[in-house]
$ cat input_8.cif   # mmCIF, C-alpha atoms
data_input
loop_
_atom_site.label_atom_id
_atom_site.label_comp_id
_atom_site.auth_asym_id
_atom_site.auth_seq_id
_atom_site.Cartn_x
_atom_site.Cartn_y
_atom_site.Cartn_z
CA MET V 1 31.04 39.80 6.83
CA GLY V 2 28.00 37.99 8.20
CA PHE V 3 29.72 34.71 8.91
CA MET V 4 32.08 36.35 11.42
CA ASN V 5 29.33 37.69 13.76
CA TRP V 6 29.81 35.30 16.69
CA ARG V 7 27.75 35.71 19.85
CA GLU V 8 30.13 36.28 22.77
CA LYS V 9 29.72 34.01 25.80
CA SER V 10 31.39 34.61 29.16
CA ALA V 11 34.19 32.36 30.38
CA ASP V 12 31.92 31.34 33.29
CA VAL V 13 29.98 29.14 30.84
CA LEU V 14 32.95 26.73 30.70
CA GLN V 15 33.26 26.45 34.48
CA GLN V 16 29.59 25.48 34.58
CA GLY V 17 30.22 22.71 32.01
CA GLY V 18 28.51 24.63 29.21
CA VAL V 19 29.03 24.29 25.47
CA ILE V 20 30.31 27.00 23.11
CA ALA V 21 28.53 26.48 19.77
CA PRO V 22 30.07 27.07 16.31
CA ASP V 23 28.36 30.49 16.01
CA GLU V 24 29.45 31.56 19.52
CA ARG V 25 32.81 32.50 20.98
CA LEU V 26 34.54 33.19 24.28
CA PRO V 27 36.21 36.59 24.86
CA TRP V 28 39.07 37.02 22.38
CA PRO V 29 41.95 36.28 24.85
CA GLN V 30 40.44 32.86 25.73
CA THR V 31 39.61 32.25 22.06
CA ALA V 32 43.24 32.97 21.17
CA ALA V 33 44.47 30.53 23.85
CA MET V 34 42.19 27.83 22.43
CA GLY V 35 43.57 28.60 18.95
CA VAL V 36 47.12 27.97 20.21
CA GLN V 37 45.98 24.68 21.77
CA HIS V 38 44.56 23.56 18.41
CA VAL V 39 47.87 24.40 16.69
CA ILE V 40 49.69 22.30 19.30
CA ALA V 41 47.18 19.44 18.87
CA MET V 42 47.72 19.22 15.10
CA PHE V 43 51.44 19.88 15.35
CA GLY V 44 52.91 16.39 15.79
CA ALA V 45 51.05 14.70 12.93
CA THR V 46 51.18 17.69 10.56
CA VAL V 47 54.98 17.82 10.94
CA LEU V 48 55.50 14.05 10.85
CA ALA V 49 53.74 13.51 7.50
CA PRO V 50 55.97 15.90 5.46
CA ILE V 51 59.13 14.53 7.11
CA LEU V 52 58.20 10.98 6.04
CA MET V 53 57.52 12.19 2.48
CA GLY V 54 60.67 14.33 2.31
CA PHE V 55 58.76 17.64 2.25
CA ASP V 56 59.67 20.83 4.15
CA PRO V 57 57.79 20.80 7.50
CA ASN V 58 57.76 24.63 7.58
CA VAL V 59 55.80 24.70 4.32
CA ALA V 60 53.43 22.04 5.69
CA ILE V 61 52.73 24.05 8.86
CA LEU V 62 52.31 27.25 6.83
CA MET V 63 49.90 25.56 4.42
CA SER V 64 47.95 23.93 7.24
CA GLY V 65 47.24 27.47 8.44
CA VAL V 66 46.44 28.74 4.94
CA GLY V 67 44.30 25.66 4.28
CA THR V 68 42.35 26.13 7.51
CA LEU V 69 41.63 29.76 6.53
CA ILE V 70 40.53 28.66 3.02
CA PHE V 71 38.23 26.03 4.57
CA PHE V 72 36.84 28.68 6.94
CA MET V 73 36.06 31.03 4.04
CA VAL V 74 34.51 28.37 1.75
CA THR V 75 32.25 27.03 4.52
CA GLY V 76 31.26 30.55 5.55
CA GLY V 77 32.68 30.00 9.03
CA LYS V 78 29.96 27.42 9.76
CA VAL V 79 32.03 24.23 10.18
CA PRO V 80 34.61 24.01 13.03
CA SER V 81 37.60 22.13 11.59
CA TYR V 82 41.38 22.36 11.37
CA LEU V 83 43.17 21.18 8.21
CA GLY V 84 46.52 19.41 8.63
CA SER V 85 48.82 17.12 6.62
CA SER V 86 47.02 13.99 5.45
CA PHE V 87 48.71 10.63 6.03
CA ALA V 88 46.67 9.16 3.18
CA PHE V 89 49.21 10.64 0.75
CA ILE V 90 52.34 9.06 2.25
CA GLY V 91 52.20 5.63 0.58
CA VAL V 92 51.34 6.93 -2.91
CA VAL V 93 53.83 9.82 -2.70
CA LEU V 94 56.65 7.43 -1.75
CA ALA V 95 55.62 5.11 -4.60
CA ALA V 96 55.43 7.96 -7.13
CA THR V 97 58.77 9.53 -6.14
CA GLY V 98 60.83 6.52 -5.06
CA HIS V 99 61.62 8.30 -1.78
CA ALA V 100 63.07 6.12 1.00
CA GLY V 101 61.33 7.84 3.92
CA SER V 102 64.18 10.02 5.23
CA GLY V 103 65.86 13.25 4.06
CA PRO V 104 64.65 15.67 1.37
CA ASN V 105 62.59 14.21 -1.50
CA ALA V 106 64.49 14.76 -4.75
CA ASN V 107 61.34 14.18 -6.84
CA ILE V 108 59.01 16.38 -4.77
CA GLY V 109 57.70 18.18 -7.89
CA VAL V 110 56.16 14.99 -9.30
CA ALA V 111 54.37 14.38 -5.99
CA LEU V 112 53.07 17.96 -5.91
CA GLY V 113 51.52 17.57 -9.38
CA GLY V 114 49.70 14.47 -8.14
CA ILE V 115 48.53 16.26 -4.98
CA ILE V 116 47.07 19.08 -7.11
CA ALA V 117 45.27 16.50 -9.30
CA CYS V 118 43.86 14.91 -6.13
CA GLY V 119 42.70 18.29 -4.84
CA LEU V 120 40.96 18.99 -8.16
CA LEU V 121 39.13 15.63 -8.10
CA TYR V 122 38.17 16.22 -4.45
CA THR V 123 36.82 19.70 -5.32
CA LEU V 124 34.72 18.28 -8.16
CA ILE V 125 33.28 15.65 -5.79
CA GLY V 126 32.42 18.53 -3.45
CA VAL V 127 30.59 20.37 -6.24
CA LEU V 128 28.60 17.20 -6.98
CA VAL V 129 27.77 16.67 -3.29
CA GLN V 130 26.68 20.31 -2.99
CA ALA V 131 24.31 19.72 -5.92
CA ILE V 132 22.81 16.30 -5.05
CA GLY V 133 23.79 15.46 -1.44
CA THR V 134 25.89 12.68 0.15
CA GLY V 135 23.54 9.70 -0.32
CA TRP V 136 25.47 8.32 -3.30
CA ILE V 137 28.77 8.42 -1.37
CA GLU V 138 27.28 6.57 1.60
CA ARG V 139 25.85 3.97 -0.79
CA PHE V 140 29.21 3.26 -2.47
CA MET V 141 31.30 3.69 0.68
CA PRO V 142 29.47 2.21 3.69
CA PRO V 143 31.35 1.82 7.01
CA VAL V 144 32.75 -1.63 6.08
CA VAL V 145 34.50 -0.03 3.08
CA THR V 146 35.67 3.19 4.74
CA GLY V 147 36.90 1.29 7.82
CA ALA V 148 38.94 -1.11 5.68
CA VAL V 149 40.42 1.71 3.57
CA VAL V 150 41.44 3.77 6.62
CA ALA V 151 42.98 0.68 8.29
CA VAL V 152 44.95 -0.07 5.13
CA ILE V 153 46.57 3.40 5.15
CA GLY V 154 48.24 2.57 8.46
CA LEU V 155 49.08 -1.06 7.64
CA ASN V 156 50.54 -0.22 4.22
CA LEU V 157 53.01 2.19 5.87
CA ALA V 158 54.16 -0.24 8.58
CA GLY V 159 57.35 -1.19 6.76
CA ILE V 160 58.69 2.39 6.58
CA PRO V 161 59.71 2.86 10.23
CA ILE V 162 60.65 -0.78 10.77
CA LYS V 163 62.76 -1.27 7.61
CA ASN V 164 64.01 2.23 6.76
CA MET V 165 64.31 4.16 10.04
CA ALA V 166 66.51 1.90 12.17
CA ALA V 167 70.02 1.48 10.75
CA SER V 168 71.43 -0.40 13.75
CA ASN V 169 70.43 -2.49 16.75
CA PHE V 170 70.76 0.61 18.94
CA ASP V 171 68.31 2.44 16.66
CA SER V 172 65.80 -0.41 16.96
CA TRP V 173 66.00 -0.23 20.75
CA MET V 174 65.47 3.54 20.56
CA GLN V 175 62.34 2.97 18.49
CA LEU V 176 61.11 0.69 21.28
CA VAL V 177 61.97 3.33 23.92
CA THR V 178 60.02 5.89 21.86
CA PHE V 179 56.77 3.99 21.43
CA VAL V 180 56.87 2.85 25.07
CA SER V 181 57.35 6.53 26.08
CA VAL V 182 54.33 7.56 24.01
CA GLY V 183 52.30 4.71 25.52
CA LEU V 184 53.20 5.70 29.08
CA VAL V 185 52.26 9.34 28.40
CA ALA V 186 48.95 8.17 26.90
CA VAL V 187 48.04 6.05 29.92
CA LEU V 188 49.67 7.69 32.96
CA THR V 189 49.06 11.40 32.29
CA ARG V 190 45.93 13.50 32.24
CA GLY V 191 44.63 16.70 30.69
CA MET V 192 46.63 18.62 28.11
CA VAL V 193 49.77 16.46 28.50
CA GLN V 194 47.73 13.40 27.57
CA ARG V 195 46.26 15.25 24.56
CA LEU V 196 49.85 15.92 23.37
CA LEU V 197 50.95 12.29 23.84
CA ILE V 198 52.85 12.15 20.52
CA LEU V 199 54.71 15.43 21.10
CA VAL V 200 55.50 14.74 24.77
CA GLY V 201 56.57 11.14 24.03
CA LEU V 202 58.83 12.41 21.24
CA ILE V 203 60.45 14.96 23.59
CA VAL V 204 61.02 12.30 26.29
CA ALA V 205 62.53 9.82 23.80
CA SER V 206 64.73 12.51 22.17
CA THR V 207 66.06 13.47 25.61
CA ILE V 208 66.90 9.83 26.39
CA TYR V 209 68.53 9.52 22.94
CA ALA V 210 70.66 12.65 23.57
CA VAL V 211 71.83 11.31 26.95
CA LEU V 212 72.80 7.93 25.45
CA THR V 213 74.50 9.33 22.30
CA ASN V 214 75.80 12.85 22.93
CA GLY V 215 76.44 12.04 26.60
CA MET V 216 77.56 8.38 26.58
CA GLY V 217 78.65 7.84 22.97
CA LEU V 218 76.38 4.84 22.30
CA GLY V 219 75.04 5.92 18.90
CA LYS V 220 74.99 8.70 16.32
CA PRO V 221 74.89 11.98 18.30
CA ILE V 222 72.33 14.72 17.62
CA ASP V 223 73.77 17.60 15.56
CA PHE V 224 72.54 20.85 17.14
CA SER V 225 74.58 23.11 14.81
CA ILE V 226 71.71 23.27 12.26
CA LEU V 227 69.43 24.65 14.98
CA ALA V 228 72.02 27.16 16.23
CA ASN V 229 72.67 28.52 12.72
CA ALA V 230 69.01 28.84 11.63
CA ALA V 231 67.35 32.27 11.49
CA TRP V 232 64.28 33.00 13.58
CA VAL V 233 62.40 34.50 10.64
CA GLY V 234 62.66 33.59 6.94
CA MET V 235 60.94 32.07 3.93
CA PRO V 236 60.13 28.33 3.83
CA ASN V 237 61.60 26.16 1.03
CA PHE V 238 58.79 26.42 -1.50
CA ALA V 239 58.76 23.93 -4.40
CA ALA V 240 57.05 23.92 -7.81
CA PRO V 241 54.81 21.08 -9.07
CA VAL V 242 55.66 18.87 -12.05
CA PHE V 243 52.69 17.27 -13.79
CA SER V 244 53.41 13.60 -14.56
CA GLY V 245 50.54 11.44 -15.84
CA ASN V 246 51.63 8.37 -13.87
CA ALA V 247 52.01 10.24 -10.58
CA MET V 248 48.70 12.05 -11.05
CA LEU V 249 46.85 8.78 -11.73
CA LEU V 250 48.52 7.22 -8.70
CA ILE V 251 47.88 10.06 -6.23
CA ALA V 252 44.50 11.46 -7.39
CA PRO V 253 42.46 8.47 -6.04
CA VAL V 254 43.45 9.55 -2.49
CA ALA V 255 40.50 11.95 -2.91
CA ILE V 256 38.22 8.98 -2.15
CA ILE V 257 39.96 8.49 1.21
CA LEU V 258 39.77 12.22 1.99
CA VAL V 259 36.03 12.15 1.25
CA ALA V 260 35.58 9.25 3.69
CA GLU V 261 37.66 11.05 6.37
CA ASN V 262 35.89 14.39 6.00
CA LEU V 263 32.45 12.77 5.89
CA GLY V 264 33.17 10.93 9.15
CA HIS V 265 34.63 14.00 10.84
CA ILE V 266 31.70 16.27 9.97
CA LYS V 267 29.21 13.64 11.14
CA ALA V 268 31.17 13.42 14.42
CA VAL V 269 31.05 17.20 14.90
CA THR V 270 27.33 17.19 14.00
CA ALA V 271 26.72 14.61 16.73
CA MET V 272 28.76 16.59 19.29
CA THR V 273 27.27 20.02 18.57
CA GLY V 274 23.68 18.99 17.86
CA ARG V 275 23.85 21.26 14.78
CA ASP V 276 23.03 19.88 11.32
CA LEU V 277 26.30 20.36 9.43
CA ASP V 278 25.46 17.84 6.67
CA ARG V 279 24.16 20.68 4.49
CA TYR V 280 27.69 22.12 4.47
CA MET V 281 29.28 18.80 3.43
CA GLY V 282 29.77 19.80 -0.21
CA ARG V 283 31.31 23.12 0.77
CA ALA V 284 33.58 21.31 3.26
CA PHE V 285 34.82 19.00 0.47
CA ILE V 286 35.36 21.99 -1.85
CA GLY V 287 37.25 23.89 0.87
CA ASP V 288 39.47 20.90 1.61
CA GLY V 289 40.04 20.27 -2.12
CA VAL V 290 40.98 23.88 -2.88
CA ALA V 291 43.28 23.97 0.18
CA THR V 292 44.98 20.76 -1.06
CA MET V 293 45.55 22.30 -4.52
CA VAL V 294 46.97 25.53 -3.05
CA SER V 295 49.23 23.54 -0.70
CA GLY V 296 50.49 21.29 -3.53
CA GLY V 297 51.15 24.36 -5.66
CA VAL V 298 53.90 25.65 -3.35
CA GLY V 299 55.47 22.47 -1.92
CA GLY V 300 53.05 21.47 0.85
CA THR V 301 51.34 18.17 1.58
CA GLY V 302 47.72 17.37 0.79
CA VAL V 303 45.50 18.40 3.71
CA THR V 304 42.48 16.98 5.48
CA THR V 305 40.22 17.78 8.42
CA TYR V 306 41.99 16.64 11.58
CA ALA V 307 40.70 14.09 14.09
CA GLU V 308 43.18 15.40 16.70
CA ASN V 309 41.40 18.75 16.70
CA ILE V 310 37.99 17.12 16.85
CA GLY V 311 39.27 15.35 19.96
CA VAL V 312 40.22 18.71 21.47
CA MET V 313 36.70 20.03 20.73
CA ALA V 314 35.15 16.96 22.37
CA ALA V 315 37.31 17.45 25.48
CA THR V 316 36.76 21.22 25.82
CA LYS V 317 33.17 21.49 24.48
CA ILE V 318 34.30 24.58 22.56
CA TYR V 319 33.15 24.34 18.92
CA SER V 320 33.49 28.03 18.03
CA THR V 321 34.74 28.54 14.48
CA ALA V 322 36.45 31.74 15.73
CA VAL V 323 39.00 29.46 17.42
CA PHE V 324 39.96 27.93 14.06
CA LEU V 325 40.26 31.32 12.40
CA LEU V 326 42.92 32.29 14.96
CA ALA V 327 44.55 28.83 14.88
CA GLY V 328 45.00 29.21 11.11
CA VAL V 329 46.65 32.60 11.57
CA PHE V 330 48.99 31.25 14.29
CA ALA V 331 50.10 28.33 12.08
CA LEU V 332 50.68 30.68 9.16
CA VAL V 333 53.02 32.82 11.30
CA LEU V 334 54.85 29.72 12.63
CA GLY V 335 55.56 28.57 9.06
CA PHE V 336 57.86 31.56 8.51
CA SER V 337 60.38 30.46 11.16
CA PRO V 338 63.41 28.51 9.82
CA LYS V 339 64.42 27.99 13.46
CA PHE V 340 61.31 25.84 13.87
CA GLY V 341 62.20 23.84 10.73
CA ALA V 342 65.73 23.29 12.04
CA LEU V 343 64.36 22.10 15.38
CA ILE V 344 62.37 19.44 13.53
CA GLN V 345 65.52 18.31 11.68
CA THR V 346 67.32 17.64 14.96
CA ILE V 347 64.82 14.90 15.91
CA PRO V 348 66.77 11.60 15.68
CA LEU V 349 65.58 9.27 12.90
CA PRO V 350 64.95 6.23 15.18
CA VAL V 351 62.87 8.43 17.51
CA MET V 352 60.82 9.57 14.53
CA GLY V 353 60.58 5.89 13.56
CA GLY V 354 59.18 4.97 16.98
CA VAL V 355 56.62 7.77 16.74
CA SER V 356 55.71 6.58 13.23
CA ILE V 357 54.99 3.08 14.56
CA VAL V 358 52.49 4.61 16.99
CA VAL V 359 50.89 6.96 14.45
CA PHE V 360 50.55 4.34 11.71
CA GLY V 361 49.16 1.88 14.25
CA LEU V 362 46.62 4.44 15.43
CA ILE V 363 45.49 4.99 11.84
CA ALA V 364 45.00 1.22 11.40
CA VAL V 365 43.01 1.04 14.64
CA ALA V 366 40.92 4.06 13.57
CA GLY V 367 39.69 1.90 10.68
CA ALA V 368 38.63 -0.82 13.09
CA LYS V 369 36.93 1.83 15.26
CA ILE V 370 34.78 2.83 12.25
CA TRP V 371 33.56 -0.79 12.11
CA VAL V 372 32.84 -0.90 15.85
CA ASP V 373 31.13 2.50 16.02
CA ASN V 374 28.89 1.64 13.06
CA LYS V 375 28.21 -1.92 14.28
CA VAL V 376 29.37 -3.53 11.02
CA ASP V 377 27.93 -7.05 10.90
CA PHE V 378 30.76 -9.47 10.05
CA SER V 379 28.38 -12.42 10.12
CA GLN V 380 27.39 -11.20 6.65
CA ASN V 381 29.75 -12.75 4.11
CA LYS V 382 29.82 -9.64 1.90
CA ASN V 383 31.26 -7.56 4.78
CA LEU V 384 33.69 -10.30 5.78
CA ILE V 385 35.05 -10.77 2.23
CA VAL V 386 35.32 -7.02 1.49
CA ALA V 387 37.23 -6.33 4.71
CA ALA V 388 39.47 -9.40 4.45
CA ILE V 389 40.56 -8.85 0.85
CA THR V 390 41.00 -5.08 1.28
CA LEU V 391 43.29 -5.50 4.30
CA ILE V 392 45.57 -7.99 2.56
CA LEU V 393 45.72 -6.04 -0.73
CA GLY V 394 46.81 -2.91 1.14
CA THR V 395 49.14 -4.52 3.68
CA GLY V 396 50.85 -6.71 1.07
CA ASP V 397 51.10 -3.73 -1.32
CA PHE V 398 49.27 -5.62 -4.11
CA THR V 399 50.12 -3.81 -7.35
CA LEU V 400 48.36 -3.85 -10.72
CA LYS V 401 50.09 -2.51 -13.86
CA PHE V 402 48.30 -0.91 -16.80
CA GLY V 403 51.07 -0.39 -19.35
CA GLN V 404 53.49 2.08 -17.77
CA PHE V 405 51.08 2.92 -14.94
CA ALA V 406 51.21 0.96 -11.67
CA LEU V 407 48.42 1.09 -9.07
CA GLY V 408 49.98 0.27 -5.67
CA GLY V 409 48.59 -1.23 -2.48
CA ILE V 410 46.54 1.70 -1.15
CA GLY V 411 45.05 2.32 -4.60
CA THR V 412 44.15 -1.31 -5.29
CA ALA V 413 42.74 -1.66 -1.77
CA THR V 414 40.62 1.50 -2.08
CA PHE V 415 39.17 0.73 -5.51
CA GLY V 416 39.01 -2.97 -4.67
CA ALA V 417 36.91 -2.30 -1.56
CA ILE V 418 34.46 -0.05 -3.43
CA LEU V 419 34.10 -2.38 -6.44
CA LEU V 420 33.94 -5.57 -4.34
CA TYR V 421 31.19 -4.14 -2.17
CA ALA V 422 29.22 -3.01 -5.22
CA LEU V 423 29.62 -6.51 -6.73
CA LEU V 424 28.75 -8.45 -3.57
CA ASN V 425 26.00 -6.18 -2.23
CA ARG V 426 23.21 -8.01 -4.04
CA LYS V 427 19.70 -7.86 -2.59
CA GLU V 428 18.23 -11.29 -1.96
#
$ encode --input "input_8.cif" --output "structure tokens"
Amino acid sequence: MGFMNWREKSADVLQQGGVIAPDERLPWPQTAAMGVQHVIAMFGATVLAPILMGFDPNVAILMSGVGTLIFFMVTGGKVPSYLGSSFAFIGVVLAATGHAGSGPNANIGVALGGIIACGLLYTLIGVLVQAIGTGWIERFMPPVVTGAVVAVIGLNLAGIPIKNMAASNFDSWMQLVTFVSVGLVAVLTRGMVQRLLILVGLIVASTIYAVLTNGMGLGKPIDFSILANAAWVGMPNFAAPVFSGNAMLLIAPVAIILVAENLGHIKAVTAMTGRDLDRYMGRAFIGDGVATMVSGGVGGTGVTTYAENIGVMAATKIYSTAVFLLAGVFALVLGFSPKFGALIQTIPLPVMGGVSIVVFGLIAVAGAKIWVDNKVDFSQNKNLIVAAITLILGTGDFTLKFGQFALGGIGTATFGAILLYALLNRKE
């Protein structure tokens, strides 16, 4: 296959500060090591999202690998990206299923039907972009809109860890210990440890939790029996979709957010590599949309291109798509280990709550970063009004009902931002 003919570069190129382009690769052993690093980079967020929605994290990891391979095939191996669990689905999935944010989701099938509908809409947008380009998206969704929508995803979720993941005063203190641990790792460490700030902070906080509970009896102890009894190799807990009109209408609009994310990510990689990847934008949307449908079809979360992995590329200057081919294979293998799933279940709920506070906060700040990076002019009233109203609609979970259908905070904020900008963006 033509798209897999990478030009091999020697490892000396890295020591000289050189760049490995998308159509180049290091020798296979170094490429494999980079693939493992990308799996580690996506790991924390890709596992956290399904846990918050009540999905099986093993299925999510498996489908992140499958999704990455689908994306690789659809883009012809031209676009370096890893696909992981999207946080944009959390708010609408919880609203559609009535899930409380901890334990298995009893109504997972309804959410899966909505995720498939979202993937289909996303794929159709990709077909349209492939035919006519991205100009119409950028006109309807300028940085003031996309920044506000991304910020709202984090702000809308703020209540989950604070209200639902701390049952006692001790749990609240453990949440504080957790986000302080993550913060210290982020600021005081360097290199790979700093890149894995969420994972390392979670390990540190879980260790402190185990000492205080299992060792000193201060709270609910960690139950390690699930981990001890789990098999090393086995099938994940696949689930079948159920197609509910309400859930599909609620979840499908997340496609708009995924478009904004993917658009931004590909433009970032274009800037870093100096290669024009815009011509693959439609194929990237199609690949992401198909991967989301396949994932939803077996019990996985919706997927999106991952900023964490773009950060790894920026730090290493290795943009080879060969790395992502191997990363996808590694994640696929990891998904077939129940022992891994059991390890995730041993993470204490308040520790996961503390990590959630960090992750949701980072999502909110990522929205503000879009404004800063694109120099959004808030002296213009149209930008000020669009951002202000969008943030409050999403944070306050403003809901509109159309008969039996209810459009919650993220939905009203997303559509509200797009429609408000279109209404207010009048040429003088």
$ closest_residue --input "input_8.cif" --among "V:Asn425, V:Thr399, V:Ser295, V:Ser337" --to "Arg139 in chain V" --atoms "all atoms listed in the file"
V:Asn425
$ resolve_selection --input "input_8.cif" --expression "the PyMOL selection byres ((chain V and resi 282-289) around 9)" --output "PyMOL selection string"
chain V and resi 67-68+70-76+79+83+116+118-131+133-134+255+258-259+262-263+266+278-281+290-294+302-305
$ write_last_selection --input "input_8.cif" --atoms "C-alpha atoms" --output "PDB file, keeping the file's coordinate frame"
ATOM      1  CA  GLY V  67      44.300  25.660   4.280  1.00  0.00           C
ATOM      2  CA  THR V  68      42.350  26.130   7.510  1.00  0.00           C
ATOM      3  CA  ILE V  70      40.530  28.660   3.020  1.00  0.00           C
ATOM      4  CA  PHE V  71      38.230  26.030   4.570  1.00  0.00           C
ATOM      5  CA  PHE V  72      36.840  28.680   6.940  1.00  0.00           C
ATOM      6  CA  MET V  73      36.060  31.030   4.040  1.00  0.00           C
ATOM      7  CA  VAL V  74      34.510  28.370   1.750  1.00  0.00           C
ATOM      8  CA  THR V  75      32.250  27.030   4.520  1.00  0.00           C
ATOM      9  CA  GLY V  76      31.260  30.550   5.550  1.00  0.00           C
ATOM     10  CA  VAL V  79      32.030  24.230  10.180  1.00  0.00           C
ATOM     11  CA  LEU V  83      43.170  21.180   8.210  1.00  0.00           C
ATOM     12  CA  ILE V 116      47.070  19.080  -7.110  1.00  0.00           C
ATOM     13  CA  CYS V 118      43.860  14.910  -6.130  1.00  0.00           C
ATOM     14  CA  GLY V 119      42.700  18.290  -4.840  1.00  0.00           C
ATOM     15  CA  LEU V 120      40.960  18.990  -8.160  1.00  0.00           C
ATOM     16  CA  LEU V 121      39.130  15.630  -8.100  1.00  0.00           C
ATOM     17  CA  TYR V 122      38.170  16.220  -4.450  1.00  0.00           C
ATOM     18  CA  THR V 123      36.820  19.700  -5.320  1.00  0.00           C
ATOM     19  CA  LEU V 124      34.720  18.280  -8.160  1.00  0.00           C
ATOM     20  CA  ILE V 125      33.280  15.650  -5.790  1.00  0.00           C
ATOM     21  CA  GLY V 126      32.420  18.530  -3.450  1.00  0.00           C
ATOM     22  CA  VAL V 127      30.590  20.370  -6.240  1.00  0.00           C
ATOM     23  CA  LEU V 128      28.600  17.200  -6.980  1.00  0.00           C
ATOM     24  CA  VAL V 129      27.770  16.670  -3.290  1.00  0.00           C
ATOM     25  CA  GLN V 130      26.680  20.310  -2.990  1.00  0.00           C
ATOM     26  CA  ALA V 131      24.310  19.720  -5.920  1.00  0.00           C
ATOM     27  CA  GLY V 133      23.790  15.460  -1.440  1.00  0.00           C
ATOM     28  CA  THR V 134      25.890  12.680   0.150  1.00  0.00           C
ATOM     29  CA  ALA V 255      40.500  11.950  -2.910  1.00  0.00           C
ATOM     30  CA  LEU V 258      39.770  12.220   1.990  1.00  0.00           C
ATOM     31  CA  VAL V 259      36.030  12.150   1.250  1.00  0.00           C
ATOM     32  CA  ASN V 262      35.890  14.390   6.000  1.00  0.00           C
ATOM     33  CA  LEU V 263      32.450  12.770   5.890  1.00  0.00           C
ATOM     34  CA  ILE V 266      31.700  16.270   9.970  1.00  0.00           C
ATOM     35  CA  ASP V 278      25.460  17.840   6.670  1.00  0.00           C
ATOM     36  CA  ARG V 279      24.160  20.680   4.490  1.00  0.00           C
ATOM     37  CA  TYR V 280      27.690  22.120   4.470  1.00  0.00           C
ATOM     38  CA  MET V 281      29.280  18.800   3.430  1.00  0.00           C
ATOM     39  CA  VAL V 290      40.980  23.880  -2.880  1.00  0.00           C
ATOM     40  CA  ALA V 291      43.280  23.970   0.180  1.00  0.00           C
ATOM     41  CA  THR V 292      44.980  20.760  -1.060  1.00  0.00           C
ATOM     42  CA  MET V 293      45.550  22.300  -4.520  1.00  0.00           C
ATOM     43  CA  VAL V 294      46.970  25.530  -3.050  1.00  0.00           C
ATOM     44  CA  GLY V 302      47.720  17.370   0.790  1.00  0.00           C
ATOM     45  CA  VAL V 303      45.500  18.400   3.710  1.00  0.00           C
ATOM     46  CA  THR V 304      42.480  16.980   5.480  1.00  0.00           C
ATOM     47  CA  THR V 305      40.220  17.780   8.420  1.00  0.00           C
TER      48      THR V 305
END
$ atom_distance --input "input_8.cif" --atom1 "CA of Met352 in chain V" --atom2 "CA of Ile153 in chain V"
18.1 Å
$ closest_residue --input "input_8.cif" --among "V:Val365, V:Ile198, V:Val376, V:Val66" --to "Ala186 in chain V" --atoms "only C-alpha atoms"
V:Ile198
$ closest_residue --input "input_8.cif" --among "V:Ile410, V:Met216, V:Leu391, V:Leu69" --to "Ser81 in chain V" --atoms "only C-alpha atoms"
V:Leu69
